[in-house]
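Structure below is model.csv: CSV, C-alpha atoms.
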chain,number,residue,atom,x,y,z
A,539,MET,CA,8.6,0.5,-14.1
A,540,ALA,CA,9.5,4.2,-13.8
A,541,GLY,CA,12.9,3.9,-12.3
A,542,GLY,CA,11.7,1.2,-10.0
A,543,LEU,CA,8.9,3.4,-8.6
A,544,ARG,CA,6.0,1.6,-7.0
A,545,VAL,CA,3.0,3.4,-5.5
A,546,ARG,CA,0.9,1.6,-2.8
A,547,VAL,CA,-2.4,3.1,-1.9
A,548,GLU,CA,-4.4,1.9,1.1
A,549,SER,CA,-7.9,3.2,1.5
A,550,ARG,CA,-10.9,2.3,3.7
A,551,SER,CA,-14.0,3.6,2.0
A,552,GLY,CA,-13.2,6.5,-0.3
A,553,LEU,CA,-12.8,6.5,-4.0
A,554,VAL,CA,-9.2,6.0,-5.1
A,555,ARG,CA,-8.2,7.6,-8.4
A,556,VAL,CA,-4.6,7.1,-9.7
A,557,HIS,CA,-3.3,8.9,-12.7
A,558,ALA,CA,0.0,7.7,-14.1
A,559,VAL,CA,0.7,10.9,-16.1
A,560,LEU,CA,3.7,12.6,-14.6
A,561,ASP,CA,7.3,12.6,-15.8
A,562,GLU,CA,8.5,11.7,-12.3
A,563,GLY,CA,7.5,11.8,-8.7
A,564,VAL,CA,4.2,11.4,-6.8
A,565,GLU,CA,1.5,14.0,-5.9
A,566,VAL,CA,-1.3,13.2,-3.5
A,567,GLU,CA,-4.6,14.9,-2.7
A,568,GLY,CA,-6.9,13.6,0.0
A,569,GLY,CA,-4.4,11.3,1.7
A,570,ALA,CA,-0.9,11.2,3.2
A,571,ALA,CA,2.1,10.0,1.4
A,572,GLU,CA,5.4,8.6,2.9
A,573,ARG,CA,8.4,6.9,1.6
A,574,HIS,CA,8.4,3.3,2.8
A,575,PRO,CA,11.8,1.8,3.9
A,576,ASP,CA,11.5,-0.6,0.9
A,577,GLY,CA,11.5,2.3,-1.5
A,578,ASP,CA,7.8,2.2,-2.2
A,579,VAL,CA,5.7,5.4,-1.9
A,580,LEU,CA,2.9,4.5,0.5
A,581,VAL,CA,-0.3,6.6,0.3
A,582,ARG,CA,-2.9,6.3,3.0
A,583,GLY,CA,-6.4,7.4,2.3
A,584,GLY,CA,-9.5,7.2,4.5
A,585,SER,CA,-13.1,7.7,3.8
A,586,ARG,CA,-12.6,10.6,1.4
A,587,THR,CA,-11.6,10.5,-2.2
A,588,VAL,CA,-7.9,10.2,-2.7
A,589,GLU,CA,-6.3,11.4,-5.9
A,590,VAL,CA,-2.7,10.2,-6.7
A,591,ARG,CA,-0.7,11.4,-9.6
A,592,CYS,CA,2.5,9.4,-10.3
A,593,ALA,CA,5.0,8.8,-13.0
A,594,ARG,CA,4.1,7.0,-16.2
A,595,GLY,CA,5.3,3.4,-15.9
A,596,ALA,CA,5.1,3.3,-12.1
A,597,ASP,CA,3.7,0.1,-10.7
A,598,VAL,CA,0.5,0.7,-8.8
A,599,VAL,CA,-0.8,-1.4,-5.9
A,600,VAL,CA,-4.2,-0.4,-4.4
A,601,GLY,CA,-6.0,-2.1,-1.4
A,602,SER,CA,-9.4,-0.7,-0.7
A,603,ARG,CA,-12.0,-2.0,1.8
A,604,THR,CA,-15.2,-0.7,0.2
A,605,GLY,CA,-14.3,2.2,-2.1
A,606,SER,CA,-14.1,2.0,-5.9
A,607,VAL,CA,-10.8,2.3,-7.7
A,608,GLU,CA,-9.9,4.0,-10.9
A,609,VAL,CA,-6.6,3.9,-12.6
A,610,HIS,CA,-5.8,6.2,-15.5
A,611,GLY,CA,-2.8,7.2,-17.6
A,612,GLU,CA,0.1,4.8,-18.4
A,613,PRO,CA,1.0,2.8,-15.3
A,614,GLY,CA,3.2,-0.3,-15.2
A,615,ALA,CA,1.9,-3.4,-13.5
A,616,VAL,CA,-1.3,-2.7,-11.6
A,617,ARG,CA,-2.7,-4.7,-8.7
A,618,VAL,CA,-6.1,-3.7,-7.2
A,619,THR,CA,-8.0,-5.6,-4.5
A,620,CYS,CA,-11.3,-4.4,-3.1
A,621,GLY,CA,-13.6,-5.9,-0.5
A,622,SER,CA,-16.5,-4.4,-2.3
A,623,GLY,CA,-16.4,-1.6,-4.9
A,624,SER,CA,-15.9,-1.4,-8.6
A,625,ILE,CA,-12.5,-1.3,-10.4
A,626,ASP,CA,-11.9,0.7,-13.6
A,627,VAL,CA,-8.5,0.5,-15.3
A,628,ALA,CA,-7.9,2.5,-18.4
A,629,ARG,CA,-4.6,0.8,-19.2
A,630,ALA,CA,-2.0,-1.4,-17.5
A,631,ALA,CA,1.2,-3.2,-18.5
A,632,GLU,CA,-0.2,-6.2,-16.6
A,633,LEU,CA,-3.1,-6.4,-14.2
A,634,ASP,CA,-4.4,-8.3,-11.2
A,635,ALA,CA,-7.8,-7.0,-10.2
A,636,ARG,CA,-10.1,-8.6,-7.7
A,637,THR,CA,-13.3,-7.5,-5.9
A,638,ALA,CA,-15.7,-9.5,-3.9
A,639,SER,CA,-18.8,-7.7,-4.9
A,640,GLY,CA,-18.1,-5.0,-7.5
A,641,SER,CA,-17.6,-5.0,-11.3
A,642,VAL,CA,-14.4,-4.6,-13.2
A,643,ALA,CA,-13.7,-2.7,-16.4
A,644,VAL,CA,-10.4,-2.8,-18.1
A,645,HIS,CA,-9.9,-0.9,-21.3
A,646,ALA,CA,-6.4,-2.1,-22.4
A,647,CYS,CA,-3.8,-4.4,-20.9
A,648,ASP,CA,-0.5,-5.1,-22.6
A,649,GLY,CA,0.1,-8.4,-20.7
A,650,THR,CA,-1.9,-10.8,-18.7
A,651,CYS,CA,-5.2,-9.3,-17.4
A,652,ARG,CA,-6.2,-11.4,-14.4
A,653,VAL,CA,-9.6,-10.5,-12.9
A,654,VAL,CA,-11.4,-12.2,-10.1
A,655,VAL,CA,-14.9,-11.1,-9.1
A,656,GLY,CA,-17.6,-12.5,-6.9
A,657,SER,CA,-21.0,-11.2,-8.0
A,658,GLY,CA,-20.0,-8.5,-10.4
A,659,SER,CA,-19.4,-8.4,-14.1
A,660,VAL,CA,-16.2,-8.1,-16.1
A,661,ARG,CA,-15.6,-6.1,-19.2
A,662,ILE,CA,-12.2,-6.2,-20.9
A,663,GLY,CA,-11.5,-4.2,-24.0
A,664,ARG,CA,-8.0,-5.3,-25.3
A,665,ALA,CA,-5.5,-7.6,-23.6
A,666,ALA,CA,-2.7,-9.9,-24.5
A,667,HIS,CA,-4.3,-12.6,-22.3
A,668,ALA,CA,-7.4,-12.6,-20.2
A,669,ALA,CA,-7.6,-14.8,-17.1
A,670,VAL,CA,-11.0,-14.2,-15.6
A,671,ALA,CA,-13.1,-15.8,-12.9
A,672,ALA,CA,-16.6,-14.8,-12.0
A,673,VAL,CA,-19.6,-16.4,-10.3
A,674,SER,CA,-22.9,-15.0,-11.5
A,675,GLY,CA,-21.7,-12.0,-13.4
A,676,SER,CA,-21.0,-11.9,-17.1
A,677,VAL,CA,-17.6,-11.8,-18.7
A,678,GLN,CA,-17.0,-9.9,-21.9
A,679,ALA,CA,-13.5,-9.7,-23.5
A,680,ASP,CA,-13.6,-7.9,-26.8
A,681,GLU,CA,-10.1,-8.2,-28.3
A,682,VAL,CA,-7.8,-10.7,-26.6
A,683,GLY,CA,-4.8,-12.8,-27.8
A,684,GLY,CA,-5.7,-15.6,-25.4
A,685,ALA,CA,-8.2,-16.3,-22.7
A,686,ASP,CA,-8.9,-18.6,-19.7
A,687,VAL,CA,-12.4,-17.8,-18.3
A,688,LYS,CA,-14.5,-19.5,-15.7
A,689,THR,CA,-18.0,-18.6,-14.6
A,690,VAL,CA,-20.7,-20.5,-12.7
A,691,SER,CA,-23.8,-18.9,-14.2
A,692,GLY,CA,-22.5,-15.7,-16.0
A,693,ALA,CA,-22.4,-15.5,-19.7
A,694,ILE,CA,-19.0,-15.5,-21.4
A,695,SER,CA,-18.2,-13.6,-24.6
A,696,ILE,CA,-14.7,-13.7,-26.0
A,697,GLY,CA,-13.5,-11.8,-29.0
A,698,ALA,CA,-10.2,-13.2,-30.4
A,699,ARG,CA,-7.9,-10.6,-32.1
A,700,ALA,CA,-5.6,-13.3,-33.4
A,701,GLN,CA,-5.0,-17.1,-33.3
A,702,GLY,CA,-4.4,-18.2,-29.7
A,703,ARG,CA,-5.6,-20.5,-27.0
A,704,PHE,CA,-9.1,-19.7,-25.8
A,705,VAL,CA,-10.4,-21.7,-22.9
A,706,ALA,CA,-13.9,-21.2,-21.3
A,707,ARG,CA,-15.6,-23.1,-18.6
A,708,SER,CA,-19.1,-22.4,-17.3
A,709,VAL,CA,-21.8,-24.4,-15.6
A,710,SER,CA,-24.9,-22.6,-16.8
A,711,GLY,CA,-23.6,-19.6,-18.6
A,712,ALA,CA,-23.8,-19.3,-22.4
A,713,VAL,CA,-20.4,-19.1,-24.1
A,714,GLU,CA,-19.6,-17.3,-27.4
A,715,VAL,CA,-16.2,-17.1,-28.9
A,716,VAL,CA,-15.7,-14.9,-32.0
A,717,LEU,CA,-12.6,-15.5,-34.0
A,718,PRO,CA,-10.9,-13.5,-36.8
A,719,ALA,CA,-12.4,-14.0,-40.2
A,720,GLY,CA,-11.3,-17.1,-42.0
A,721,CYS,CA,-9.8,-18.7,-38.8
A,722,SER,CA,-9.9,-22.5,-38.6
A,723,PRO,CA,-9.1,-23.5,-35.0
A,724,ARG,CA,-8.7,-26.8,-33.2
A,725,ALA,CA,-12.0,-26.8,-31.5
A,726,ARG,CA,-13.0,-28.9,-28.5
A,727,LEU,CA,-16.6,-27.9,-27.6
A,728,ARG,CA,-18.5,-29.9,-25.0
A,729,SER,CA,-21.8,-29.2,-23.3
A,730,VAL,CA,-23.7,-31.8,-21.3
A,731,ASN,CA,-27.2,-30.3,-21.8
A,732,GLY,CA,-26.7,-27.2,-23.9
A,733,SER,CA,-26.6,-26.7,-27.6
A,734,VAL,CA,-23.2,-26.4,-29.4
A,735,ARG,CA,-22.8,-24.5,-32.6
A,736,ALA,CA,-19.4,-24.4,-34.3
A,737,GLU,CA,-19.5,-22.1,-37.4
A,738,CYS,CA,-15.8,-22.2,-38.2
A,739,GLU,CA,-13.9,-24.8,-40.2
A,740,HIS,CA,-11.8,-27.2,-38.1
A,741,GLY,CA,-8.1,-26.6,-38.6
A,742,GLU,CA,-4.8,-25.7,-36.9
A,743,ASP,CA,-5.3,-22.0,-36.4
A,744,GLY,CA,-5.0,-21.9,-32.6
A,745,GLU,CA,-7.3,-23.6,-30.1
A,746,VAL,CA,-10.8,-23.2,-28.7
A,747,ASP,CA,-11.6,-25.3,-25.7
A,748,VAL,CA,-15.1,-24.7,-24.2
A,749,LYS,CA,-17.0,-26.8,-21.7
A,750,THR,CA,-20.4,-26.1,-20.1
A,751,VAL,CA,-22.9,-28.2,-18.3
A,752,SER,CA,-26.1,-26.5,-19.4
A,753,GLY,CA,-24.9,-23.3,-21.1
A,754,THR,CA,-25.1,-23.0,-24.9
A,755,ILE,CA,-21.8,-22.8,-26.9
A,756,ARG,CA,-21.3,-20.9,-30.1
A,757,VAL,CA,-18.0,-20.4,-31.9
A,758,ARG,CA,-18.0,-18.2,-35.0
A,759,CYS,CA,-15.7,-16.2,-37.2
A,760,ARG,CA,-16.2,-12.4,-37.8
B,1074,MET,CA,-12.2,-27.6,28.2
B,1075,PRO,CA,-8.5,-26.6,28.3
B,1076,VAL,CA,-7.4,-24.0,25.9
B,1077,THR,CA,-3.8,-23.7,24.5
B,1078,VAL,CA,-2.1,-21.5,22.0
B,1079,THR,CA,-0.7,-23.3,19.0
B,1080,THR,CA,1.4,-22.1,16.0
B,1081,GLY,CA,0.7,-23.4,12.5
B,1082,ALA,CA,-1.0,-22.8,9.1
B,1083,ILE,CA,-4.7,-22.3,8.9
B,1084,ALA,CA,-6.5,-22.9,5.6
B,1085,PHE,CA,-10.0,-22.4,4.5
B,1086,THR,CA,-11.4,-24.0,1.3
B,1087,ASP,CA,-14.6,-22.8,-0.4
B,1088,ILE,CA,-16.6,-24.3,-3.3
B,1089,VAL,CA,-17.0,-21.6,-5.9
B,1090,GLY,CA,-20.6,-20.9,-6.8
B,1091,PHE,CA,-22.0,-23.4,-4.3
B,1092,THR,CA,-25.1,-21.4,-3.7
B,1093,GLU,CA,-25.9,-21.0,-7.4
B,1094,LEU,CA,-25.2,-24.6,-8.1
B,1095,THR,CA,-27.4,-25.8,-5.3
B,1096,ASP,CA,-30.2,-23.4,-6.4
B,1097,THR,CA,-30.2,-24.7,-10.0
B,1098,HIS,CA,-29.2,-28.3,-9.5
B,1099,GLY,CA,-30.7,-29.2,-6.1
B,1100,ASP,CA,-29.5,-30.5,-2.7
B,1101,GLU,CA,-28.4,-33.9,-3.9
B,1102,LEU,CA,-25.8,-32.1,-6.0
B,1103,ALA,CA,-24.8,-30.0,-3.1
B,1104,LEU,CA,-24.1,-33.1,-1.0
B,1105,ALA,CA,-22.2,-34.7,-3.9
B,1106,LEU,CA,-20.0,-31.6,-4.2
B,1107,LEU,CA,-19.3,-31.6,-0.4
B,1108,GLU,CA,-18.3,-35.2,-0.6
B,1109,ARG,CA,-16.0,-34.7,-3.6
B,1110,GLN,CA,-14.4,-31.7,-1.8
B,1111,GLU,CA,-13.8,-33.7,1.4
B,1112,ARG,CA,-12.4,-36.7,-0.6
B,1113,ALA,CA,-10.0,-34.5,-2.6
B,1114,VAL,CA,-8.8,-32.6,0.5
B,1115,ARG,CA,-8.2,-35.8,2.5
B,1116,GLY,CA,-6.3,-37.1,-0.5
B,1117,ALA,CA,-4.0,-34.1,-0.5
B,1118,LEU,CA,-3.4,-33.8,3.3
B,1119,PRO,CA,0.1,-34.4,4.5
B,1120,ALA,CA,0.8,-36.2,7.8
B,1121,CYS,CA,1.1,-32.8,9.6
B,1122,GLY,CA,-2.4,-31.7,8.3
B,1123,ARG,CA,-6.0,-32.4,9.4
B,1124,ILE,CA,-9.5,-31.2,8.7
B,1125,VAL,CA,-10.6,-29.3,11.7
B,1126,LYS,CA,-14.3,-28.9,10.7
B,1127,GLU,CA,-16.8,-28.4,7.9
B,1128,LEU,CA,-18.2,-24.9,7.6
B,1129,GLY,CA,-21.0,-24.6,5.2
B,1130,ASP,CA,-19.5,-25.4,1.8
B,1131,GLY,CA,-16.0,-25.1,3.0
B,1132,LEU,CA,-13.4,-26.8,5.2
B,1133,LEU,CA,-11.2,-25.4,7.9
B,1134,LEU,CA,-7.8,-27.1,7.8
B,1135,TRP,CA,-4.8,-27.1,10.1
B,1136,PHE,CA,-1.2,-27.8,9.3
B,1137,ASP,CA,1.8,-27.9,11.7
B,1138,ASP,CA,4.1,-27.0,8.9
B,1139,ALA,CA,3.6,-24.0,6.6
B,1140,ALA,CA,5.6,-25.3,3.7
B,1141,GLU,CA,3.7,-28.6,3.7
B,1142,ALA,CA,0.5,-26.6,3.9
B,1143,LEU,CA,1.4,-24.6,0.9
B,1144,ARG,CA,2.5,-27.6,-1.1
B,1145,SER,CA,-0.6,-29.5,-0.2
B,1146,CYS,CA,-3.0,-26.7,-1.2
B,1147,LEU,CA,-1.3,-26.3,-4.5
B,1148,ALA,CA,-1.3,-30.1,-5.1
B,1149,LEU,CA,-5.0,-30.1,-4.2
B,1150,GLN,CA,-5.8,-27.5,-6.9
B,1151,ARG,CA,-3.7,-29.3,-9.5
B,1152,ARG,CA,-5.5,-32.5,-8.8
B,1153,LEU,CA,-8.9,-30.9,-9.1
B,1154,ASP,CA,-7.9,-29.2,-12.3
B,1155,GLU,CA,-6.9,-32.6,-13.7
B,1156,GLU,CA,-10.2,-34.1,-12.5
B,1157,SER,CA,-12.4,-31.3,-13.9
B,1158,ASP,CA,-13.5,-33.2,-17.0
B,1159,GLY,CA,-16.4,-34.7,-15.1
B,1160,GLU,CA,-19.9,-33.5,-15.7
B,1161,LEU,CA,-19.9,-30.8,-13.1
B,1162,PRO,CA,-16.7,-29.0,-12.2
B,1163,LEU,CA,-15.6,-28.7,-8.6
B,1164,TRP,CA,-13.8,-25.4,-8.3
B,1165,LEU,CA,-12.2,-24.7,-5.0
B,1166,ARG,CA,-10.6,-21.6,-3.7
B,1167,VAL,CA,-8.1,-21.6,-0.8
B,1168,GLY,CA,-7.0,-19.0,1.7
B,1169,LEU,CA,-4.0,-19.7,3.8
B,1170,HIS,CA,-2.5,-17.9,6.8
B,1171,TRP,CA,0.2,-18.6,9.4
B,1172,GLY,CA,-0.6,-17.7,13.0
B,1173,ARG,CA,-1.2,-18.6,16.6
B,1174,PRO,CA,-4.8,-19.5,17.2
B,1175,GLN,CA,-6.3,-20.8,20.4
B,1176,ARG,CA,-6.8,-24.5,20.4
B,1177,ARG,CA,-9.9,-25.7,22.2
B,1178,GLY,CA,-10.2,-29.4,22.0
B,1179,ASP,CA,-9.9,-30.3,18.3
B,1180,ASP,CA,-11.2,-26.8,17.3
B,1181,ILE,CA,-9.1,-23.7,16.6
B,1182,ILE,CA,-10.5,-20.2,17.1
B,1183,GLY,CA,-9.2,-16.6,17.2
B,1184,ARG,CA,-8.1,-13.7,15.1
B,1185,ASP,CA,-5.8,-15.7,12.8
B,1186,VAL,CA,-8.6,-18.1,12.0
B,1187,ASN,CA,-10.9,-15.2,11.1
B,1188,LEU,CA,-8.2,-13.7,8.9
B,1189,ALA,CA,-7.7,-17.0,7.0
B,1190,ALA,CA,-11.5,-17.0,6.4
B,1191,ARG,CA,-11.4,-13.5,5.0
B,1192,ILE,CA,-8.5,-14.3,2.7
B,1193,VAL,CA,-10.4,-17.0,0.9
B,1194,ASP,CA,-13.1,-14.5,0.1
B,1195,LEU,CA,-10.7,-12.8,-2.3
B,1196,ALA,CA,-9.4,-15.9,-4.0
B,1197,GLY,CA,-10.7,-17.1,-7.4
B,1198,PRO,CA,-11.4,-20.7,-8.5
B,1199,SER,CA,-8.3,-22.9,-8.5
B,1200,GLU,CA,-6.3,-20.2,-6.6
B,1201,VAL,CA,-4.3,-20.4,-3.4
B,1202,LEU,CA,-4.1,-17.0,-1.7
B,1203,CYS,CA,-1.8,-16.6,1.2
B,1204,SER,CA,-1.1,-14.0,3.8
B,1205,GLY,CA,2.4,-12.4,3.7
B,1206,ALA,CA,3.0,-14.3,7.0
B,1207,VAL,CA,2.9,-17.6,5.1
B,1208,ALA,CA,5.4,-16.4,2.4
B,1209,GLU,CA,7.6,-15.1,5.1
B,1210,VAL,CA,7.7,-18.3,7.2
B,1211,VAL,CA,8.0,-20.6,4.2
B,1212,GLY,CA,10.5,-18.4,2.2
B,1213,PRO,CA,11.7,-19.6,-1.2
B,1214,LEU,CA,10.2,-23.0,-2.0
B,1215,ALA,CA,11.1,-25.2,-4.9
B,1216,GLY,CA,8.3,-25.4,-7.4
B,1217,VAL,CA,6.4,-22.4,-5.9
B,1218,ALA,CA,6.3,-18.8,-6.9
B,1219,TYR,CA,4.7,-15.9,-5.0
B,1220,GLU,CA,2.9,-13.1,-6.8
B,1221,PRO,CA,2.4,-10.2,-4.3
B,1222,LEU,CA,-1.0,-8.6,-4.4
B,1223,GLY,CA,-0.1,-5.8,-2.0
B,1224,PRO,CA,-1.7,-4.5,1.2
B,1225,VAL,CA,-5.4,-5.6,1.2
B,1226,TYR,CA,-8.1,-4.5,3.6
B,1227,VAL,CA,-10.2,-7.5,4.6
B,1228,ARG,CA,-13.6,-7.3,6.3
B,1229,GLY,CA,-13.5,-6.9,10.0
B,1230,PHE,CA,-9.8,-6.1,10.2
B,1231,ALA,CA,-8.6,-2.5,10.9
B,1232,GLU,CA,-5.2,-2.7,9.2
B,1233,PRO,CA,-4.5,-3.9,5.7
B,1234,VAL,CA,-2.9,-7.4,5.2
B,1235,PRO,CA,-0.2,-8.2,2.7
B,1236,LEU,CA,-1.4,-11.0,0.4
B,1237,VAL,CA,0.4,-13.1,-2.1
B,1238,ARG,CA,-0.9,-15.5,-4.8
B,1239,ALA,CA,1.0,-18.8,-4.7
B,1240,VAL,CA,1.4,-20.5,-8.0
B,1241,PRO,CA,3.3,-23.5,-9.3
B,1242,ALA,CA,6.7,-22.3,-10.6

Output the file's structure in the form of structure tokens.
Amino acid sequence: MAGGLRVRVESRSGLVRVHAVLDEGVEVEGGAAERHPDGDVLVRGGSRTVEVRCARGADVVVGSRTGSVEVHGEPGAVRVTCGSGSIDVARAAELDARTASGSVAVHACDGTCRVVVGSGSVRIGRAAHAAVAAVSGSVQADEVGGADVKTVSGAISIGARAQGRFVARSVSGAVEVVLPAGCSPRARLRSVNGSVRAECEHGEDGEVDVKTVSGTIRVRCR
Amino acid sequence: MPVTVTTGAIAFTDIVGFTELTDTHGDELALALLERQERAVRGALPACGRIVKELGDGLLLWFDDAAEALRSCLALQRRLDEESDGELPLWLRVGLHWGRPQRRGDDIIGRDVNLAARIVDLAGPSEVLCSGAVAEVVGPLAGVAYEPLGPVYVRGFAEPVPLVRAVPA
């Protein structure tokens, strides 16, 4: 965190755009900023777009009723909650993002990337660990060190960047786990009605644990 | 019917993906899931807790004690996780709030009940989301950690509400 700085943004319906790009301080356009007694900088937006520029490494907390949220630059921990609206995070030290009816895109997360969506889809580029829950939307995690993903009907695609523990649960969504070349994991793959294809040797290189009811399962190496 | 104001913890449970599951697997499965939910919740309720009523695919719960409410909700999730090796998973999400609703017979109504219902909308499967009021009343609790999610706008409420994610420590 940048000297303990935490920026909290509250917005009703406008787009919230946070840029963690400054050396220090906070600058706001389209909203009002005040120093909260607990030391946080509190930014109140409304129905217009609010742009916040803050110090690199600052923790960012955004609560939005219906507007979408974008976080750019190099923030610390990021927490975003939307009633409805999409969330786009370029980078975070760690992340908790949740929206009832929007989609979530995360490009890079150094720590745990926790995402909860209702009907939207989830796309994660790179993360140390992805903890994702979706209902009907798909989940795609391209390069993750570990994962714990649940969907009801959405498809799951997990790309492992190293050995780790990769857990996926789905009722009817198809699950694909792609491991590094030559990886031989402990694999526990179970589908009640769907087909299961394990194209890697069984071994001790991490763990892949997948269970579906009717979704197909495929585990392969690059 | 006499109405009184009562103070306690209000929880809503919700079966994740119930609509999709019912659509693809039929009404018999829906009934089975509802029964599994009720059985699991009854098994986790402390003496100070009760099921107020069934609401669609969820349950409205009441607890006289906030700490017991929190412990029970986390125990419920742990138990369901352990039991999830059955053919069809039962994923519940839980929203918990501490407030002063109106008690009308066995039912509870009012702003605080509505708020608890909105909190559960933001929870993921196997999660227990709480209002800041719950964390404040309960305070530090052995075996429980709070992860603040910040001020959150919930549908139908003018002001943002502080939410925390309660997790086993």

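Residues lying within 8 Å of B:Pro1233, counting all atoms listed in the file and ignoring same-chain neighbours fewer than 5 positions away, are A:Glu548, A:Gly601, B:Pro1224, B:Val1225, B:Tyr1226, B:Val1227.
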
For this session: May I have the residues within 8 Å of stretch 702-711 of chain A as a ChimeraX atom specification, using only C-alpha atoms and disregarding those fewer than 5 positions away in the same chain?
Result: /A:683-694,743-754 /B:1161-1162

For this session: Could you list, as a list in words, the residues of chain A having an atom within 6 Å of chain B when counting all atoms listed in the file?
Result: Val599, Gly601, Ser602, Arg603, Val654, Val673 and Val690 of chain A

Problem set entry | Test item: residues at most 8 Å from A:Glu608, all atoms listed in the file, excluding those fewer than 6 positions along its chain, as a ChimeraX atom specification | /A:553-556,625-628

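Here atom CA of A:Gly614 is placed at a distance of 21.8 Å from atom CA of A:Asp680.
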